[in-house]
Amino acid sequence: MRQYSPDLTPPWKKPKPAPEVPADPGLVVEEPTTGFCGAVIRCEAGTVTLEDRFGKHRVFPLEPRGFLLEGRVVTLVRPSSAPARPSRTASGSVAVPGARARVARAGRIYVEGRHDAELVERVWGDDLRIEGVVVEYLEGVDDLPAIVAEFAPGPDARLGVLVDHLVPGSKESRIAASVTSEHALVVGHPYIDIWEAVKPSSVGIEAWPRVPRGQDWKTGVCRALGWPSDNTGAVWQAILARVGSYRDLEPELLGRVEELIDFVTDSGGA
């Protein structure tokens, strides 16, 4: 005959039940034992799969008091079939339902072209409107020093610039180094074109093709992949449509855009 031992733990020493939170896609939580932090991408059969900002996946059991949500212990449960309001913006920031756009700051973020601006808007648009940051685009960086001088950045009007193909020894790196204002920040990613900052898996390819030096990069990519090379604008719109959130972008771009937003919205630029 099986014997059962009574639970003699005093009620005041028993842990309080943690609030139950549906594991809706996009919810960002931390697994405290491993320190792994990521967004929910699926929940099934007693497990939840998280994806961190670098695209790494981890599967964890749905155990009571098993996760931290904004520093608070919670119990994740399988979500209901009813669609839930997104708790995060496309950039991974906490969504603010009903938030109104802030009046535009004097500070700005400049990017190299229209495609860059459209990608930044798609992922960080909600954040930028709440912060009152306007994104404008340049046509290349050759005239950047003159543009910065004309903008005349200052403590109340900071300027952030995102440059394509900012690698040591490049023309872009030399131009960026010529901008010395303490109220201007020039950062960049290593990709020849902003298209490459979209993860290949998000657009259904194994990798972005290598294009011979001297050949137009977008045209070369389209030809290599069998995409229409005579309408790269339409191809870009198809690529952009596959970007749903920061998870579809390479970390080398994510970090640089976040850095610019932080710089422009610092207390010096309020």
# chains A, B, ... in the order shown; residues from 1 in each chain; ligands from 1
>>> select_by_dssp(residues="range 104-252 of chain A", states="alpha helix (DSSP H)", output="JSON, numbers by chain")
{"A": [114, 115, 116, 117, 118, 119, 120, 121, 122, 123, 124, 125, 126, 127, 128, 129, 130, 131, 144, 145, 146, 147, 148, 149, 150, 151, 171, 172, 173, 174, 175, 176, 177, 217, 218, 219, 220, 221, 222, 223, 224, 225, 232, 233, 234, 235, 236, 237, 238, 239, 240, 241, 251, 252]}
>>> residues_around(residues="range 76-81 of chain A", least_positions_apart="6", cutoff="12 Å", atoms="only C-alpha atoms", output="PyMOL selection string")
chain A and resi 18-31+40-49+60-69
>>> residues_around(residues="Asp262 in chain A", least_positions_apart="2", cutoff="12 Å", atoms="only C-alpha atoms", output="list in words")
Gly107, Arg108, Ile109, Asp127, Leu128, Glu131, Val133, Arg158, Leu159, Gly160, Leu185, Gly255, Arg256, Val257, Glu258, Glu259, Leu260, Val264, Thr265, Asp266, Ser267, Gly268, Gly269 and Ala270 of chain A
>>> closest_residue(among="A:Val135, A:Leu166, A:Ile130, A:Ala149", to="Val111 in chain A", atoms="only C-alpha atoms")
A:Val135
>>> residues_around(residues="range 212-221 of chain A", least_positions_apart="6", cutoff="9 Å", atoms="only C-alpha atoms", output="ChimeraX atom specification")
/A:192-193,195,227-232
>>> write_last_selection(atoms="N, CA, C and O atoms", output="short mmCIF file (atom, residue, chain, number, x, y, z; two decimals), in the first residue's frame")
data_model
loop_
_atom_site.label_atom_id
_atom_site.label_comp_id
_atom_site.auth_asym_id
_atom_site.auth_seq_id
_atom_site.Cartn_x
_atom_site.Cartn_y
_atom_site.Cartn_z
N ILE A 192 27.27 45.39 -49.18
CA ILE A 192 27.37 46.27 -50.34
C ILE A 192 26.08 47.02 -50.56
O ILE A 192 26.06 48.20 -50.92
N ASP A 193 24.97 46.36 -50.32
CA ASP A 193 23.65 46.97 -50.49
C ASP A 193 22.75 46.51 -49.36
O ASP A 193 22.93 45.43 -48.79
N TRP A 195 19.95 45.27 -49.40
CA TRP A 195 19.29 43.98 -49.65
C TRP A 195 19.97 42.88 -48.85
O TRP A 195 19.30 42.00 -48.30
N TRP A 227 15.81 36.34 -61.05
CA TRP A 227 14.79 37.37 -60.80
C TRP A 227 14.84 38.39 -61.94
O TRP A 227 15.89 38.54 -62.59
N PRO A 228 13.76 39.13 -62.19
CA PRO A 228 13.77 40.11 -63.29
C PRO A 228 14.77 41.23 -63.03
O PRO A 228 14.60 42.03 -62.10
N SER A 229 15.81 41.30 -63.85
CA SER A 229 16.87 42.28 -63.62
C SER A 229 16.55 43.65 -64.18
O SER A 229 17.27 44.61 -63.93
N ASP A 230 15.46 43.73 -64.97
CA ASP A 230 15.10 45.02 -65.56
C ASP A 230 14.16 45.83 -64.68
O ASP A 230 13.74 46.92 -65.06
N ASN A 231 13.83 45.28 -63.49
CA ASN A 231 12.93 46.01 -62.59
C ASN A 231 13.33 45.70 -61.15
O ASN A 231 12.63 45.01 -60.42
N THR A 232 14.50 46.22 -60.76
CA THR A 232 14.98 45.93 -59.40
C THR A 232 14.10 46.56 -58.34
O THR A 232 14.07 46.09 -57.20
#
>>> residues_around(residues="Ser178 in chain A", least_positions_apart="4", cutoff="9 Å", atoms="only C-alpha atoms", output="PDB file with N, CA, C and O atoms, in the first residue's frame")
ATOM      1  N   LEU A 144      28.631  63.661 -48.048  1.00  0.00           N
ATOM      2  CA  LEU A 144      28.244  63.624 -46.639  1.00  0.00           C
ATOM      3  C   LEU A 144      28.857  64.745 -45.805  1.00  0.00           C
ATOM      4  O   LEU A 144      28.140  65.397 -45.027  1.00  0.00           O
ATOM      5  N   PRO A 145      30.158  65.029 -45.891  1.00  0.00           N
ATOM      6  CA  PRO A 145      30.708  66.112 -45.069  1.00  0.00           C
ATOM      7  C   PRO A 145      29.993  67.444 -45.292  1.00  0.00           C
ATOM      8  O   PRO A 145      29.708  68.174 -44.327  1.00  0.00           O
ATOM      9  N   SER A 173      34.478  54.399 -45.612  1.00  0.00           N
ATOM     10  CA  SER A 173      35.112  54.570 -44.302  1.00  0.00           C
ATOM     11  C   SER A 173      35.910  55.864 -44.242  1.00  0.00           C
ATOM     12  O   SER A 173      35.954  56.541 -43.207  1.00  0.00           O
ATOM     13  N   ARG A 174      36.547  56.230 -45.357  1.00  0.00           N
ATOM     14  CA  ARG A 174      37.313  57.484 -45.379  1.00  0.00           C
ATOM     15  C   ARG A 174      36.391  58.696 -45.282  1.00  0.00           C
ATOM     16  O   ARG A 174      36.693  59.670 -44.578  1.00  0.00           O
TER      17      ARG A 174
END
>>> closest_residue(among="A:Ala106, A:Leu254, A:Ile175, A:Ala241", to="Glu118 in chain A", atoms="only C-alpha atoms")
A:Ala241
>>> atom_distance(atom1="CA of Val235 in chain A", atom2="CA of Val203 in chain A")
10.9 Å
>>> select_by_dssp(residues="range 72-270 of chain A", states="strand (DSSP E or B)", output="PyMOL selection string")
chain A and resi 72-77+88+94+108-111+134-137+154+157+159-163+184-188+198+249
>>> atom_distance(atom1="CA of Arg247 in chain A", atom2="CA of Ala39 in chain A")
9.1 Å
>>> atom_distance(atom1="CA of Ser181 in chain A", atom2="CA of Glu112 in chain A")
19.3 Å
